[in-house]
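See below for structure05.cif, which holds mmCIF, C-alpha atoms.
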data_query
loop_
_atom_site.label_atom_id
_atom_site.label_comp_id
_atom_site.auth_asym_id
_atom_site.auth_seq_id
_atom_site.Cartn_x
_atom_site.Cartn_y
_atom_site.Cartn_z
CA MET A 5 -2.06 -3.10 25.91
CA VAL A 6 -4.41 -2.42 22.96
CA THR A 7 -6.65 -5.34 21.98
CA GLU A 8 -8.56 -6.20 18.81
CA SER A 9 -11.78 -5.30 20.62
CA ASP A 10 -10.38 -1.85 21.50
CA ILE A 11 -9.49 -1.20 17.85
CA VAL A 12 -12.85 -2.41 16.54
CA HIS A 13 -14.65 -0.23 19.09
CA GLY A 14 -12.61 2.81 18.00
CA LEU A 15 -13.21 2.14 14.30
CA ARG A 16 -16.94 1.76 14.85
CA ALA A 17 -16.95 5.01 16.88
CA LEU A 18 -15.41 6.68 13.81
CA GLY A 19 -18.34 5.39 11.76
CA LEU A 20 -16.71 2.44 10.00
CA LYS A 21 -19.32 -0.17 9.09
CA SER A 22 -20.02 -2.83 6.49
CA SER A 23 -21.23 -0.27 3.94
CA SER A 24 -18.00 1.76 4.28
CA ALA A 25 -15.08 1.81 1.89
CA VAL A 26 -11.89 3.27 3.29
CA ILE A 27 -8.23 3.70 2.36
CA VAL A 28 -6.10 2.41 5.23
CA HIS A 29 -2.65 3.93 5.52
CA ALA A 30 -1.68 3.41 9.13
CA SER A 31 1.40 2.98 11.24
CA LEU A 32 1.38 0.07 13.68
CA ARG A 33 3.31 2.26 16.10
CA SER A 34 0.44 4.78 16.13
CA PHE A 35 -1.78 2.20 17.85
CA GLY A 36 0.58 1.88 20.81
CA GLU A 37 1.42 -1.59 22.12
CA VAL A 38 -0.98 -3.97 20.35
CA SER A 39 -1.56 -7.48 21.63
CA GLY A 40 -0.80 -9.61 18.56
CA GLY A 41 0.79 -6.78 16.59
CA ALA A 42 -0.06 -6.09 12.94
CA SER A 43 -2.21 -9.23 12.63
CA THR A 44 -4.52 -7.91 15.34
CA VAL A 45 -4.85 -4.52 13.63
CA CYS A 46 -5.62 -6.22 10.30
CA GLN A 47 -8.19 -8.52 11.85
CA ALA A 48 -9.84 -5.57 13.61
CA LEU A 49 -10.08 -3.64 10.35
CA LEU A 50 -11.61 -6.63 8.59
CA SER A 51 -14.00 -7.25 11.50
CA THR A 52 -15.78 -3.99 10.71
CA GLY A 53 -16.98 -5.49 7.42
CA ALA A 54 -15.80 -2.39 5.54
CA THR A 55 -14.13 -2.66 2.15
CA LEU A 56 -10.47 -1.75 2.62
CA LEU A 57 -8.00 -0.28 0.15
CA VAL A 58 -4.40 -0.56 1.39
CA PRO A 59 -1.31 0.95 -0.28
CA ALA A 60 0.79 -1.92 -1.66
CA GLY A 61 3.53 -0.23 -3.66
CA SER A 62 6.71 -2.07 -4.48
CA TRP A 63 8.96 0.87 -5.40
CA ASP A 64 11.89 -0.66 -3.54
CA VAL A 65 12.12 -3.54 -6.05
CA THR A 66 10.32 -2.26 -9.17
CA GLY A 67 11.20 1.43 -9.26
CA VAL A 68 14.13 3.16 -10.87
CA PRO A 69 15.27 6.75 -10.47
CA ALA A 70 14.79 9.23 -13.25
CA PRO A 71 17.74 9.38 -15.66
CA PRO A 72 20.30 12.11 -14.92
CA GLY A 73 19.07 15.55 -15.96
CA LEU A 74 15.57 14.39 -16.91
CA LEU A 75 13.71 15.06 -13.67
CA ARG A 76 10.61 17.22 -13.96
CA PRO A 77 10.27 20.11 -11.49
CA HIS A 78 8.29 19.36 -8.31
CA ASN A 79 8.33 15.60 -8.92
CA ALA A 80 8.90 13.32 -5.92
CA VAL A 81 10.80 10.70 -7.95
CA PRO A 82 14.54 10.68 -7.19
CA MET A 83 17.04 11.28 -9.98
CA ALA A 84 20.10 9.10 -10.67
CA SER A 85 23.35 10.99 -10.17
CA THR A 86 24.99 9.38 -13.23
CA TRP A 87 24.05 7.19 -16.17
CA GLN A 88 26.03 4.37 -14.56
CA ALA A 89 23.90 4.67 -11.38
CA PHE A 90 20.76 4.67 -13.54
CA ASP A 91 21.90 1.54 -15.43
CA GLU A 92 22.71 -0.22 -12.13
CA ALA A 93 19.27 0.62 -10.68
CA LEU A 94 17.61 -0.53 -13.90
CA SER A 95 19.47 -3.86 -13.78
CA ARG A 96 18.26 -4.47 -10.18
CA ALA A 97 14.59 -3.62 -10.85
CA VAL A 98 12.16 -6.49 -11.23
CA PRO A 99 8.91 -6.54 -13.21
CA PHE A 100 5.75 -6.04 -11.20
CA ALA A 101 3.96 -9.18 -10.03
CA ASP A 102 1.03 -9.23 -7.66
CA ASP A 103 2.88 -11.50 -5.23
CA LEU A 104 5.77 -9.06 -4.68
CA PRO A 105 6.32 -7.95 -1.09
CA ILE A 106 5.07 -4.50 -0.22
CA ASP A 107 7.72 -1.80 0.16
CA GLN A 108 8.97 -1.81 3.76
CA GLU A 109 8.47 1.97 3.90
CA LEU A 110 4.70 1.31 3.88
CA GLY A 111 4.95 -0.67 7.11
CA LEU A 112 3.85 -3.97 8.60
CA ILE A 113 0.09 -3.55 8.28
CA PRO A 114 -0.11 -3.76 4.46
CA GLU A 115 2.47 -6.55 4.26
CA THR A 116 0.56 -8.52 6.90
CA MET A 117 -2.64 -8.01 4.91
CA ARG A 118 -0.86 -9.30 1.78
CA GLN A 119 0.55 -12.38 3.49
CA ALA A 120 -2.32 -13.42 5.74
CA PHE A 121 -5.68 -12.30 4.33
CA PRO A 122 -7.54 -12.92 1.06
CA HIS A 123 -7.22 -9.87 -1.18
CA VAL A 124 -6.98 -8.64 -4.73
CA ARG A 125 -4.15 -6.38 -5.84
CA SER A 126 -4.22 -3.69 -8.47
CA CYS A 127 -1.54 -4.00 -11.13
CA HIS A 128 0.17 -0.61 -11.10
CA PRO A 129 3.91 -1.32 -11.30
CA LEU A 130 4.83 1.23 -8.59
CA MET A 131 1.65 2.24 -6.79
CA SER A 132 -0.49 -0.84 -6.40
CA TYR A 133 -3.18 -1.29 -3.76
CA LEU A 134 -4.60 -4.30 -1.95
CA ALA A 135 -8.37 -4.41 -1.77
CA LEU A 136 -10.19 -6.51 0.80
CA GLY A 137 -13.88 -6.87 1.48
CA ALA A 138 -17.19 -6.94 -0.31
CA HIS A 139 -16.29 -4.42 -3.02
CA ALA A 140 -12.60 -5.33 -3.46
CA GLN A 141 -12.99 -6.57 -7.04
CA GLU A 142 -14.86 -3.41 -8.06
CA LEU A 143 -12.16 -1.14 -6.64
CA VAL A 144 -9.33 -2.98 -8.36
CA ALA A 145 -11.26 -3.26 -11.64
CA ALA A 146 -11.69 0.53 -11.64
CA ALA A 147 -7.93 1.17 -11.28
CA ARG A 148 -6.06 2.11 -14.45
CA LEU A 149 -2.35 2.75 -14.89
CA ALA A 150 -3.13 6.35 -15.85
CA SER A 151 -5.40 6.92 -12.85
CA TRP A 152 -2.53 7.18 -10.33
CA THR A 153 -0.04 10.01 -10.26
CA VAL A 154 3.45 10.37 -8.82
CA GLY A 155 4.43 13.74 -7.43
CA GLY A 156 1.45 15.38 -9.10
CA VAL A 157 2.59 14.32 -12.55
CA SER A 158 0.70 11.61 -14.46
#
This structure in structure tokens:
Amino acid sequence: MVTESDIVHGLRALGLKSSSAVIVHASLRSFGEVSGGASTVCQALLSTGATLLVPAGSWDVTGVPAPPGLLRPHNAVPMASTWQAFDEALSRAVPFADDLPIDQELGLIPETMRQAFPHVRSCHPLMSYLALGAHAQELVAAARLASWTVGGVS
């Protein structure tokens, strides 16, 4: 059983400290069996004092596929098979709000951070991030809609 202390010790061994800023994209499963689950991992990360940037995309509720026939080569965005499918996806999409749940594909760690710990969230409609720690406001203030890319295409 992995404990919070074990995780903190490992993070410190990697060099994480209060002056660090790090993007955290982790799978809870990769830690093994954690006493307390995702909450323990989140608390351990925060215990280092580092500023954390956590992916917080909401593609599952805000995103829509590209219209049929309009997909750019080498882009990771899916394409609707028909205009009807595109219209249906568009009608289900919701506008971005910083209290939206994080896409389940990103896992339990970011959603636990969103629900249980003080944070700020960048306002990108598809690729937002949570920021936690001493420099959280600075990181989010520096984010611009044009500064993120999808599939290598701005």
Any idea what's packed within 10 Å of A:Cys127, counting all atoms listed in the file, ignoring anything in its chain fewer than 6 positions away? Could you give it as a count of residues only? 12
Quick one: everything within 10 Å of A:Gln108, counting only C-alpha atoms, minus sequence neighbours fewer than 5 positions away in the same chain. Send it as a CSV table (one decimal) with C-alpha atoms, in the coordinates of the input.
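Once everything was written out, this is around_1.csv:
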chain,number,residue,atom,x,y,z
A,60,ALA,CA,0.8,-1.9,-1.7
A,61,GLY,CA,3.5,-0.2,-3.7
A,62,SER,CA,6.7,-2.1,-4.5
A,63,TRP,CA,9.0,0.9,-5.4
A,64,ASP,CA,11.9,-0.7,-3.5
A,114,PRO,CA,-0.1,-3.8,4.5
A,115,GLU,CA,2.5,-6.6,4.3
How far is it from atom CA of A:His123 to atom CA of A:Pro59, in Å with one decimal?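 These two atoms are separated by 12.4 Å.
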From the list A:Val65, A:Ala54, A:Leu94, A:Cys46, which residue is nearest A:Ala120 when using only C-alpha atoms?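 Of A:Val65, A:Ala54, A:Leu94, A:Cys46, the one nearest A:Ala120 is A:Cys46, counting only C-alpha atoms.
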For the provided coordinates, the residues matched by the PyMOL selection byres ((chain A and resi 47) around 12) should be stated as a PyMOL selection string. chain A and resi 7-12+39-46+48-54+56+113-114+116-117+120-122+136-137
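Distance-wise, atom CA of A:Met131 and atom CA of A:Gln119 end up 17.9 Å apart.
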Any chance you could resolve the PyMOL selection byres ((chain A and resi 96) around 10) against this file and give the residues as a PyMOL selection string? chain A and resi 64-68+91-95+97-98
Would you mind exporting the chosen residues as a PDB file, in the coordinates of the input, restricted to C-alpha atoms?
ATOM      1  CA  ASP A  64      11.890  -0.660  -3.540  1.00  0.00           C
ATOM      2  CA  VAL A  65      12.120  -3.540  -6.050  1.00  0.00           C
ATOM      3  CA  THR A  66      10.320  -2.260  -9.170  1.00  0.00           C
ATOM      4  CA  GLY A  67      11.200   1.430  -9.260  1.00  0.00           C
ATOM      5  CA  VAL A  68      14.130   3.160 -10.870  1.00  0.00           C
ATOM      6  CA  ASP A  91      21.900   1.540 -15.430  1.00  0.00           C
ATOM      7  CA  GLU A  92      22.710  -0.220 -12.130  1.00  0.00           C
ATOM      8  CA  ALA A  93      19.270   0.620 -10.680  1.00  0.00           C
ATOM      9  CA  LEU A  94      17.610  -0.530 -13.900  1.00  0.00           C
ATOM     10  CA  SER A  95      19.470  -3.860 -13.780  1.00  0.00           C
ATOM     11  CA  ALA A  97      14.590  -3.620 -10.850  1.00  0.00           C
ATOM     12  CA  VAL A  98      12.160  -6.490 -11.230  1.00  0.00           C
TER      13      VAL A  98
END
So the first atom is atom CA of A:Ala135 and the second is atom CA of A:Gly111; what is the distance between them in Å, to one decimal place?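 About the pair atom CA of A:Ala135 and atom CA of A:Gly111: they are 16.4 Å apart.
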Please write as JSON, numbers by chain the list of polymer residues whose atoms come within 12 Å of (18.5, 17.4, -14.5), counting only C-alpha atoms and keeping to the coordinates of the file. {"A": [69, 70, 71, 72, 73, 74, 75, 76, 77, 79, 82, 83, 84, 85, 86, 87]}
